>>> print(open('entry32.txt').read())   # compact mmCIF, C-alpha atoms
# COMPACT_ATOMS: atom_id res chain seq x y z
CA MET A 1 9.75 7.74 -29.84
CA ASP A 2 6.57 9.77 -29.37
CA PHE A 3 6.44 11.43 -25.94
CA ARG A 4 3.15 13.22 -26.48
CA LEU A 5 0.39 12.33 -24.02
CA THR A 6 -2.02 9.69 -25.20
CA ARG A 7 -5.74 10.33 -25.25
CA ASP A 8 -6.19 8.17 -22.14
CA GLN A 9 -3.49 10.13 -20.32
CA ARG A 10 -5.10 13.42 -21.26
CA ASP A 11 -8.41 12.07 -19.98
CA VAL A 12 -6.80 11.06 -16.67
CA ARG A 13 -5.34 14.54 -16.22
CA ALA A 14 -8.59 16.25 -17.17
CA GLY A 15 -10.59 14.05 -14.82
CA VAL A 16 -8.32 14.79 -11.86
CA ARG A 17 -8.31 18.51 -12.63
CA ALA A 18 -12.10 18.55 -12.73
CA LEU A 19 -12.33 16.58 -9.48
CA LEU A 20 -9.95 18.92 -7.65
CA ALA A 21 -11.58 22.04 -9.09
CA GLY A 22 -14.90 20.92 -7.65
CA ARG A 23 -13.59 19.53 -4.39
CA TYR A 24 -10.48 21.52 -3.56
CA GLY A 25 -10.70 24.95 -5.13
CA ARG A 26 -9.36 28.17 -3.66
CA GLU A 27 -12.17 28.41 -1.09
CA ALA A 28 -11.30 24.97 0.31
CA LEU A 29 -7.61 25.86 0.46
CA ARG A 30 -8.32 29.10 2.29
CA SER A 31 -10.69 27.28 4.64
CA ASP A 32 -7.95 24.82 5.53
CA VAL A 33 -5.50 27.67 6.14
CA GLU A 34 -7.99 29.40 8.43
CA ARG A 35 -8.63 26.11 10.23
CA ALA A 36 -4.91 25.70 10.80
CA ALA A 37 -4.76 29.23 12.17
CA GLY A 38 -7.71 28.46 14.44
CA ALA A 39 -5.82 25.46 15.79
CA GLY A 40 -3.34 27.80 17.39
CA VAL A 41 -1.14 29.30 14.70
CA GLU A 42 -0.78 33.01 14.06
CA PRO A 43 -0.86 33.97 10.38
CA GLY A 44 2.56 33.32 8.88
CA ALA A 45 3.86 31.38 11.90
CA GLY A 46 3.69 27.87 10.43
CA ALA A 47 1.67 24.69 10.73
CA ALA A 48 -0.31 23.85 13.83
CA PRO A 49 0.96 20.67 15.49
CA GLY A 50 -2.53 19.19 15.48
CA ALA A 51 -3.54 20.22 11.97
CA GLY A 52 -5.01 17.07 10.48
CA VAL A 53 -6.07 15.62 7.18
CA ASP A 54 -9.62 16.11 5.91
CA ARG A 55 -10.83 12.51 6.15
CA SER A 56 -13.83 13.00 3.89
CA LEU A 57 -11.60 14.47 1.17
CA TRP A 58 -9.12 11.63 1.68
CA ARG A 59 -11.85 9.05 1.13
CA GLU A 60 -13.06 10.87 -1.98
CA LEU A 61 -9.54 10.79 -3.36
CA GLY A 62 -9.44 7.08 -2.62
CA GLU A 63 -12.75 6.48 -4.37
CA ALA A 64 -11.46 8.38 -7.40
CA GLY A 65 -8.45 6.06 -7.58
CA PHE A 66 -5.84 8.61 -6.52
CA PHE A 67 -4.02 6.15 -4.27
CA SER A 68 -4.78 2.88 -6.08
CA LEU A 69 -3.88 4.22 -9.53
CA ARG A 70 -0.89 1.89 -10.00
CA LEU A 71 -2.36 -1.20 -8.39
CA PRO A 72 -3.30 -4.04 -10.77
CA GLU A 73 -6.94 -4.23 -11.77
CA SER A 74 -7.13 -7.61 -10.02
CA GLU A 75 -6.40 -5.77 -6.76
CA GLY A 76 -8.94 -3.02 -7.33
CA GLY A 77 -6.60 -0.56 -9.00
CA ALA A 78 -6.48 1.03 -12.44
CA GLY A 79 -3.38 -0.84 -13.58
CA LEU A 80 -1.66 2.34 -14.73
CA GLY A 81 1.97 3.34 -14.34
CA LEU A 82 4.29 6.12 -13.24
CA PRO A 83 3.63 8.31 -16.32
CA GLU A 84 -0.05 8.51 -15.36
CA ALA A 85 0.77 8.93 -11.67
CA VAL A 86 2.93 12.01 -12.27
CA LEU A 87 0.08 13.60 -14.25
CA VAL A 88 -2.22 13.08 -11.27
CA PHE A 89 0.31 14.43 -8.77
CA GLU A 90 1.07 17.42 -10.96
CA GLU A 91 -2.59 18.42 -10.71
CA ALA A 92 -2.50 17.98 -6.93
CA GLY A 93 0.53 20.26 -6.80
CA ARG A 94 -1.27 22.96 -8.76
CA VAL A 95 -3.97 23.32 -6.10
CA LEU A 96 -1.68 22.73 -3.08
CA LEU A 97 -3.66 19.66 -2.03
CA PRO A 98 -2.46 18.94 1.53
CA GLY A 99 -1.71 15.70 3.31
CA PRO A 100 0.78 12.83 2.96
CA LEU A 101 -0.30 12.11 -0.61
CA VAL A 102 2.92 10.43 -1.71
CA ALA A 103 3.24 8.13 1.31
CA THR A 104 -0.40 7.02 1.15
CA HIS A 105 -0.09 6.36 -2.60
CA LEU A 106 3.02 4.26 -1.99
CA ALA A 107 1.23 2.38 0.80
CA ALA A 108 -1.65 1.28 -1.45
CA GLY A 109 -1.68 -2.51 -1.51
CA VAL A 110 0.68 -2.62 1.49
CA VAL A 111 -1.22 -0.88 4.30
CA PRO A 112 -4.88 -1.85 4.72
CA GLY A 113 -7.19 1.03 3.86
CA ALA A 114 -4.56 3.12 2.09
CA ALA A 115 -5.81 2.39 -1.44
CA SER A 116 -9.38 3.40 -0.59
CA GLY A 117 -8.41 6.48 1.39
CA ALA A 118 -9.74 4.96 4.61
CA ALA A 119 -6.24 5.17 6.11
CA VAL A 120 -3.86 8.11 6.21
CA VAL A 121 -0.26 6.91 5.85
CA THR A 122 2.89 8.97 6.31
CA ALA A 123 6.57 8.04 5.92
CA PHE A 124 10.04 8.92 7.15
CA ASP A 125 10.92 10.13 3.68
CA LEU A 126 14.45 11.19 4.66
CA ASP A 127 14.85 8.66 7.49
CA GLY A 128 14.09 11.33 10.06
CA PRO A 129 14.32 13.22 12.20
CA LEU A 130 11.24 15.01 10.84
CA VAL A 131 8.08 13.40 9.50
CA ALA A 132 4.96 15.18 8.20
CA HIS A 133 1.41 14.55 9.44
CA LEU A 134 2.52 12.06 12.08
CA GLY A 135 -0.09 13.26 14.57
CA GLY A 136 -3.01 12.43 12.26
CA ALA A 137 -1.61 9.31 10.61
CA ASP A 138 -3.08 5.83 10.98
CA ALA A 139 0.16 4.18 9.88
CA VAL A 140 3.76 4.88 8.95
CA LEU A 141 5.06 3.19 5.81
CA GLY A 142 7.17 0.17 6.73
CA MET A 143 6.66 0.45 10.51
CA PRO A 144 4.54 -1.83 12.71
CA GLU A 145 3.03 1.08 14.64
CA VAL A 146 2.97 4.86 14.70
CA PRO A 147 5.83 6.10 16.90
CA ALA A 148 5.55 8.89 19.42
CA GLY A 149 6.83 12.25 18.27
CA VAL A 150 7.28 15.86 19.29
CA PRO A 151 5.56 18.54 17.18
CA VAL A 152 7.77 21.23 15.68
CA ARG A 153 7.03 24.38 13.70
CA SER A 154 6.68 24.08 9.94
CA ALA A 155 7.03 26.81 7.33
CA ASP A 156 3.90 25.52 5.61
CA PRO A 157 0.67 26.03 7.57
CA LEU A 158 -0.82 22.86 6.06
CA THR A 159 2.14 20.54 6.59
CA PRO A 160 2.56 19.84 10.31
CA LEU A 161 5.92 18.35 11.20
CA TRP A 162 6.93 16.03 14.03
CA ARG A 163 10.33 15.01 15.36
CA ALA A 164 10.53 11.26 15.74
CA ARG A 165 12.70 8.22 14.96
CA GLY A 166 12.06 6.04 11.93
CA VAL A 167 13.47 4.59 8.73
CA LEU A 168 12.05 4.42 5.22
CA PRO A 169 12.02 0.86 3.85
CA ALA A 170 14.26 0.24 0.85
CA GLY A 171 12.67 0.58 -2.55
CA TYR A 172 10.44 3.62 -1.99
CA ARG A 173 12.89 6.52 -2.27
CA ASP A 174 12.94 6.90 -6.06
CA THR A 175 9.19 6.71 -6.59
CA GLY A 176 8.55 9.02 -3.66
CA ALA A 177 11.05 11.54 -5.04
CA LEU A 178 9.48 11.39 -8.51
CA LEU A 179 5.93 11.93 -7.27
CA THR A 180 7.10 14.80 -5.05
CA ALA A 181 8.85 16.30 -8.07
CA ALA A 182 5.53 16.12 -9.92
CA LEU A 183 3.87 18.03 -7.07
CA GLN A 184 6.60 20.66 -7.29
CA ALA A 185 6.23 20.93 -11.06
CA GLY A 186 2.50 21.48 -10.69
CA SER A 187 3.08 24.24 -8.16
CA ALA A 188 5.68 25.87 -10.41
CA LEU A 189 3.30 25.87 -13.36
CA ARG A 190 0.55 27.36 -11.21
CA THR A 191 2.73 30.23 -10.01
CA VAL A 192 3.47 31.06 -13.64
CA GLU A 193 -0.27 31.38 -14.23
CA LEU A 194 -0.71 33.51 -11.11
CA ALA A 195 2.15 35.84 -12.07
CA VAL A 196 0.98 36.31 -15.67
CA ARG A 197 -2.60 36.96 -14.61
CA TYR A 198 -1.59 39.52 -11.98
CA ALA A 199 0.83 41.20 -14.40
CA GLY A 200 -2.04 41.67 -16.84
CA GLU A 201 -4.41 43.07 -14.22
CA ARG A 202 -2.19 45.31 -12.08
CA GLU A 203 -1.59 48.74 -13.61
CA GLN A 204 1.15 51.25 -12.93
CA PHE A 205 1.94 54.47 -14.75
CA GLY A 206 -1.19 53.96 -16.80
CA GLN A 207 -0.42 50.49 -18.16
CA PRO A 208 -0.38 46.85 -16.99
CA ILE A 209 2.87 45.98 -15.23
CA GLY A 210 3.19 43.04 -17.62
CA GLY A 211 4.26 45.57 -20.25
CA PHE A 212 7.47 46.33 -18.40
CA GLN A 213 10.58 44.45 -19.50
CA ALA A 214 11.65 43.47 -15.97
CA VAL A 215 8.30 41.79 -15.31
CA LYS A 216 8.36 40.05 -18.69
CA HIS A 217 11.77 38.60 -17.87
CA LEU A 218 10.57 37.30 -14.52
CA CYS A 219 7.55 35.58 -16.06
CA SER A 220 9.47 34.11 -19.00
CA GLY A 221 12.15 32.75 -16.67
CA MET A 222 9.49 31.14 -14.50
CA LEU A 223 7.90 29.49 -17.53
CA VAL A 224 11.19 28.10 -18.84
CA ARG A 225 12.13 26.58 -15.48
CA ALA A 226 8.67 25.11 -14.95
CA GLU A 227 8.51 23.52 -18.41
CA VAL A 228 12.05 22.12 -18.14
CA ALA A 229 11.15 20.61 -14.77
CA ARG A 230 7.93 19.12 -16.12
CA THR A 231 9.77 17.61 -19.08
CA ALA A 232 12.36 16.07 -16.75
CA VAL A 233 9.63 14.62 -14.53
CA TYR A 234 7.80 13.10 -17.51
CA ALA A 235 11.00 11.61 -18.91
CA ALA A 236 12.02 10.13 -15.55
CA ALA A 237 8.55 8.60 -15.20
CA VAL A 238 9.10 6.77 -18.49
CA THR A 239 12.64 5.55 -17.81
CA GLY A 240 12.40 4.99 -14.05
CA ASP A 241 16.14 5.65 -13.87
CA SER A 242 17.38 6.68 -10.40
CA ALA A 243 19.74 9.35 -11.72
CA GLU A 244 17.08 10.86 -13.96
CA ILE A 245 14.61 10.89 -11.06
CA ALA A 246 17.19 12.67 -8.89
CA ALA A 247 17.74 15.25 -11.63
CA ALA A 248 13.98 15.74 -12.05
CA LYS A 249 13.54 16.28 -8.31
CA MET A 250 16.35 18.82 -8.23
CA LEU A 251 14.98 20.72 -11.24
CA ALA A 252 11.41 20.65 -9.92
CA ASP A 253 12.47 21.86 -6.47
CA GLY A 254 14.33 24.75 -8.06
CA ALA A 255 11.44 25.62 -10.36
CA ALA A 256 8.91 25.57 -7.52
CA VAL A 257 10.96 27.58 -5.02
CA ARG A 258 12.43 30.13 -7.40
CA GLY A 259 9.19 30.38 -9.34
CA ALA A 260 7.24 31.21 -6.20
CA ARG A 261 9.84 33.80 -5.22
CA ASP A 262 9.68 35.42 -8.65
CA CYS A 263 5.89 35.35 -8.50
CA LEU A 264 6.14 37.22 -5.21
CA GLN A 265 8.27 39.82 -6.97
CA VAL A 266 5.59 40.28 -9.63
CA TYR A 267 2.94 40.69 -6.94
CA GLY A 268 5.07 43.14 -4.99
CA GLY A 269 4.01 43.75 -1.38
CA MET A 270 0.61 42.14 -2.09
CA GLY A 271 2.28 38.75 -2.46
CA PHE A 272 3.44 38.72 1.14
CA THR A 273 0.00 39.32 2.65
CA TRP A 274 -1.89 36.50 4.37
CA GLU A 275 -4.80 36.99 1.94
CA ALA A 276 -2.72 36.05 -1.11
CA ASP A 277 -2.02 32.48 -2.20
CA VAL A 278 1.46 33.03 -3.62
CA HIS A 279 3.27 32.71 -0.30
CA LEU A 280 1.52 29.37 0.31
CA HIS A 281 3.16 27.98 -2.82
CA LEU A 282 6.55 29.18 -1.62
CA LYS A 283 6.14 27.64 1.83
CA ARG A 284 4.95 24.31 0.46
CA ALA A 285 7.84 24.31 -2.04
CA TRP A 286 10.34 24.85 0.79
CA VAL A 287 8.97 21.86 2.68
CA ARG A 288 8.80 19.55 -0.35
CA ALA A 289 12.39 20.41 -1.27
CA GLU A 290 13.40 18.69 1.98
CA GLN A 291 11.28 15.58 1.37
CA TRP A 292 12.21 12.24 -0.25
CA ARG A 293 15.43 13.56 -1.81
CA THR A 294 17.19 16.87 -1.17
CA ALA A 295 19.28 18.81 -3.68
CA ALA A 296 22.45 17.71 -1.90
CA GLY A 297 21.37 14.07 -2.06
CA ALA A 298 20.46 14.38 -5.73
CA GLU A 299 23.83 15.93 -6.54
CA GLU A 300 25.65 13.06 -4.81
CA LEU A 301 23.61 10.45 -6.69
CA LEU A 302 24.17 12.19 -10.03
CA ALA A 303 27.91 12.52 -9.38
CA GLU A 304 28.11 8.82 -8.57
CA ALA A 305 26.18 7.93 -11.74
CA LEU A 306 28.46 10.10 -13.88
CA LEU A 307 31.56 8.59 -12.28
CA THR A 308 30.26 5.08 -12.92
CA GLU A 309 29.49 5.94 -16.54
CA ALA A 310 32.91 7.51 -17.05
CA SER A 311 34.63 4.45 -15.53
CA ALA A 312 32.66 2.10 -17.74
CA SER A 313 33.49 4.18 -20.81
CA ALA A 314 37.18 4.22 -19.94
CA SER A 315 37.20 0.45 -19.44
CA ALA A 316 35.49 -0.10 -22.78
CA SER A 317 38.03 2.13 -24.54
CA ALA A 318 40.94 0.35 -22.88
CA GLY A 319 39.55 -3.01 -23.92
>>> encode(input="entry32.txt", output="structure tokens")
Amino acid sequence: MDFRLTRDQRDVRAGVRALLAGRYGREALRSDVERAAGAGVEPGAGAAPGAGVDRSLWRELGEAGFFSLRLPESEGGAGLGLPEAVLVFEEAGRVLLPGPLVATHLAAGVVPGAASGAAVVTAFDLDGPLVAHLGGADAVLGMPEVPAGVPVRSADPLTPLWRARGVLPAGYRDTGALLTAALQAGSALRTVELAVRYAGEREQFGQPIGGFQAVKHLCSGMLVRAEVARTAVYAAAVTGDSAEIAAAKMLADGAAVRGARDCLQVYGGMGFTWEADVHLHLKRAWVRAEQWRTAAGAEELLAEALLTEASASASASAG
């Protein structure tokens, strides 16, 4: 079987990358961070309770087909599948695009206005007690109305969290976990780029720090983890298997979190400053690791799948 991207898939990825480069580059990211700080958050303290989604950007994403990608053409969508969706979400993860992207994508065709980006939809991705972007959401996936909630501090300045009660409807967990894994993989790949670039620019003892063995090992380890995670995400998008999706989420979470930490090591003290972008990748990775499926949940699902497979194999041998 040929797992290389098709020409159409490469075009989808290139189109989304070009769109985000023009609409959500570094200046837009930094502007959003400053806006969150202006809403009452000291640098490094976490997300402002009232930090909202950029509605104009949300509508542009809707017009570009970000949310309606998997809807049938008869319903105004592109009629594509999960393999194309993970390519799109990987690009969003690279630029740290904020907002409840996964929930709104899942709500397309279910919640009016979600497909076009006219509505911002969030979800109780772990059945509570925390839900992201509740304060600025028009709807909650699977709920008749938006419940009241209490804002709490978030590690990520662009992911406000609220404490509230709610349940995720059955059937969304796997797809949500896979798309979140794609976001994590994109972030992991981006931190590799940031680390390699900085290692080539920063000099010490008369040479770029990228020439030192310790830095080379950090960067090579980041690349291996990121590529393994991306491969797992792509494979799970093709099979749609729950266990493979759980494994992909676990690998992508690890690649994003550890990759951002290693990138910080390459940057040294510079990486911890508010002016750098590296710490934003780490904070977003922390939050995403607790969304849709945690490492503990993935381990339980994988253990159950392995036990079922072993039991089936034993029964077949006995027969």
>>> residues_around(input="entry32.txt", residues="A:Leu87", least_positions_apart="6", cutoff="12 Å", atoms="all atoms listed in the file", output="ChimeraX atom specification")
/A:5-6,8-17,66,69,80-81,93-94,178-186,230-231,233-234,237
>>> residues_around(input="entry32.txt", residues="A:Arg197", least_positions_apart="4", cutoff="12 Å", atoms="all atoms listed in the file", output="list in words")
Arg190, Thr191, Val192, Glu193, Glu201, Arg202, Glu203, Pro208, Ile209, Gly210, Val215, Cys219, Cys263, Val266 and Tyr267 of chain A
>>> atom_distance(input="entry32.txt", atom1="atom CA of A:Ala78", atom2="atom CA of A:Ala115")
11.1 Å
>>> closest_residue(input="entry32.txt", among="A:Leu97, A:Ala248, A:Ala260, A:Leu71", to="A:Tyr24", atoms="only C-alpha atoms")
A:Leu97
>>> closest_residue(input="entry32.txt", among="A:Ala289, A:Ala255, A:Val278, A:Ala36", to="A:Asp125", atoms="all atoms listed in the file")
A:Ala289
>>> atom_distance(input="entry32.txt", atom1="atom CA of A:Ala318", atom2="atom CA of A:Ala303")
22.4 Å
>>> atom_distance(input="entry32.txt", atom1="atom CA of A:Gly176", atom2="atom CA of A:Phe3")
22.5 Å
>>> residues_around(input="entry32.txt", residues="A:Lys283", least_positions_apart="2", cutoff="10 Å", atoms="all atoms listed in the file", output="PyMOL selection string")
chain A and resi 44+46+154-159+256-257+260+278-281+285-288
>>> closest_residue(input="entry32.txt", among="A:Ala314, A:Met250, A:Arg165, A:Glu34", to="A:Leu302", atoms="only C-alpha atoms")
A:Met250
>>> closest_residue(input="entry32.txt", among="A:Glu275, A:Val146, A:Met222, A:Asp262", to="A:Leu29", atoms="all atoms listed in the file")
A:Glu275
>>> closest_residue(input="entry32.txt", among="A:Gly254, A:Gly76, A:Gly166, A:Gly200", to="A:Ser116", atoms="all atoms listed in the file")
A:Gly76
>>> closest_residue(input="entry32.txt", among="A:Gln204, A:Pro83, A:Trp58, A:Glu75", to="A:Val121", atoms="only C-alpha atoms")
A:Trp58
>>> axis_aligned_box(input="entry32.txt", around="stretch 293-307 of chain A", padding_each_side="3 Å", output="lines of an AutoDock Vina configuration file")
center_x = 23.5
center_y = 13.4
center_z = -7.5
size_x = 22.1
size_y = 16.9
size_z = 18.7
>>> decode(input="entry32.txt", residues="stretch 111-122 of chain A", atoms="all heavy atoms", output="PDB file, in the first residue's frame")
ATOM      1  N   VAL A 111     -24.361  21.669  14.301  1.00  0.00           N
ATOM      2  CA  VAL A 111     -24.709  22.957  14.909  1.00  0.00           C
ATOM      3  C   VAL A 111     -24.794  24.008  13.809  1.00  0.00           C
ATOM      4  O   VAL A 111     -23.833  24.196  13.054  1.00  0.00           O
ATOM      5  CB  VAL A 111     -23.658  23.377  15.952  1.00  0.00           C
ATOM      6  CG1 VAL A 111     -23.981  24.760  16.512  1.00  0.00           C
ATOM      7  CG2 VAL A 111     -23.581  22.348  17.086  1.00  0.00           C
ATOM      8  N   PRO A 112     -25.915  24.696  13.684  1.00  0.00           N
ATOM      9  CA  PRO A 112     -26.046  25.727  12.648  1.00  0.00           C
ATOM     10  C   PRO A 112     -24.952  26.778  12.764  1.00  0.00           C
ATOM     11  O   PRO A 112     -24.672  27.290  13.846  1.00  0.00           O
ATOM     12  CB  PRO A 112     -27.428  26.329  12.934  1.00  0.00           C
ATOM     13  CG  PRO A 112     -28.183  25.236  13.617  1.00  0.00           C
ATOM     14  CD  PRO A 112     -27.166  24.521  14.454  1.00  0.00           C
ATOM     15  N   GLY A 113     -24.329  27.085  11.631  1.00  0.00           N
ATOM     16  CA  GLY A 113     -23.297  28.116  11.605  1.00  0.00           C
ATOM     17  C   GLY A 113     -21.897  27.617  11.862  1.00  0.00           C
ATOM     18  O   GLY A 113     -20.923  28.335  11.612  1.00  0.00           O
ATOM     19  N   ALA A 114     -21.747  26.385  12.346  1.00  0.00           N
ATOM     20  CA  ALA A 114     -20.414  25.869  12.643  1.00  0.00           C
ATOM     21  C   ALA A 114     -19.599  25.675  11.374  1.00  0.00           C
ATOM     22  O   ALA A 114     -18.416  26.030  11.312  1.00  0.00           O
ATOM     23  CB  ALA A 114     -20.514  24.557  13.415  1.00  0.00           C
ATOM     24  N   ALA A 115     -20.192  25.108  10.340  1.00  0.00           N
ATOM     25  CA  ALA A 115     -19.469  24.815   9.101  1.00  0.00           C
ATOM     26  C   ALA A 115     -18.918  26.075   8.446  1.00  0.00           C
ATOM     27  O   ALA A 115     -17.818  26.070   7.889  1.00  0.00           O
ATOM     28  CB  ALA A 115     -20.376  24.070   8.129  1.00  0.00           C
ATOM     29  N   SER A 116     -19.676  27.168   8.530  1.00  0.00           N
ATOM     30  CA  SER A 116     -19.261  28.414   7.876  1.00  0.00           C
ATOM     31  C   SER A 116     -18.377  29.283   8.763  1.00  0.00           C
ATOM     32  O   SER A 116     -17.850  30.299   8.301  1.00  0.00           O
ATOM     33  CB  SER A 116     -20.497  29.211   7.474  1.00  0.00           C
ATOM     34  OG  SER A 116     -21.216  29.642   8.625  1.00  0.00           O
ATOM     35  N   GLY A 117     -18.218  28.893  10.009  1.00  0.00           N
ATOM     36  CA  GLY A 117     -17.439  29.713  10.929  1.00  0.00           C
ATOM     37  C   GLY A 117     -18.246  30.831  11.558  1.00  0.00           C
ATOM     38  O   GLY A 117     -17.693  31.658  12.276  1.00  0.00           O
ATOM     39  N   ALA A 118     -19.562  30.853  11.310  1.00  0.00           N
ATOM     40  CA  ALA A 118     -20.414  31.873  11.918  1.00  0.00           C
ATOM     41  C   ALA A 118     -20.637  31.590  13.395  1.00  0.00           C
ATOM     42  O   ALA A 118     -20.963  32.502  14.170  1.00  0.00           O
ATOM     43  CB  ALA A 118     -21.751  31.945  11.188  1.00  0.00           C
ATOM     44  N   ALA A 119     -20.487  30.326  13.804  1.00  0.00           N
ATOM     45  CA  ALA A 119     -20.677  29.940  15.197  1.00  0.00           C
ATOM     46  C   ALA A 119     -19.389  29.351  15.749  1.00  0.00           C
ATOM     47  O   ALA A 119     -18.680  28.610  15.066  1.00  0.00           O
ATOM     48  CB  ALA A 119     -21.812  28.923  15.322  1.00  0.00           C
ATOM     49  N   VAL A 120     -19.098  29.697  16.992  1.00  0.00           N
ATOM     50  CA  VAL A 120     -17.967  29.127  17.712  1.00  0.00           C
ATOM     51  C   VAL A 120     -18.520  28.048  18.634  1.00  0.00           C
ATOM     52  O   VAL A 120     -19.383  28.326  19.473  1.00  0.00           O
ATOM     53  CB  VAL A 120     -17.235  30.201  18.537  1.00  0.00           C
ATOM     54  CG1 VAL A 120     -16.130  29.560  19.385  1.00  0.00           C
ATOM     55  CG2 VAL A 120     -16.654  31.268  17.625  1.00  0.00           C
ATOM     56  N   VAL A 121     -18.036  26.827  18.477  1.00  0.00           N
ATOM     57  CA  VAL A 121     -18.561  25.694  19.240  1.00  0.00           C
ATOM     58  C   VAL A 121     -17.435  25.073  20.063  1.00  0.00           C
ATOM     59  O   VAL A 121     -16.347  24.814  19.551  1.00  0.00           O
ATOM     60  CB  VAL A 121     -19.161  24.620  18.317  1.00  0.00           C
ATOM     61  CG1 VAL A 121     -19.785  23.489  19.148  1.00  0.00           C
ATOM     62  CG2 VAL A 121     -20.202  25.240  17.379  1.00  0.00           C
ATOM     63  N   THR A 122     -17.700  24.835  21.328  1.00  0.00           N
ATOM     64  CA  THR A 122     -16.741  24.151  22.181  1.00  0.00           C
ATOM     65  C   THR A 122     -17.334  22.813  22.600  1.00  0.00           C
ATOM     66  O   THR A 122     -18.433  22.456  22.181  1.00  0.00           O
ATOM     67  CB  THR A 122     -16.367  25.005  23.406  1.00  0.00           C
ATOM     68  OG1 THR A 122     -15.269  24.385  24.092  1.00  0.00           O
ATOM     69  CG2 THR A 122     -17.535  25.174  24.360  1.00  0.00           C
TER      70      THR A 122
END
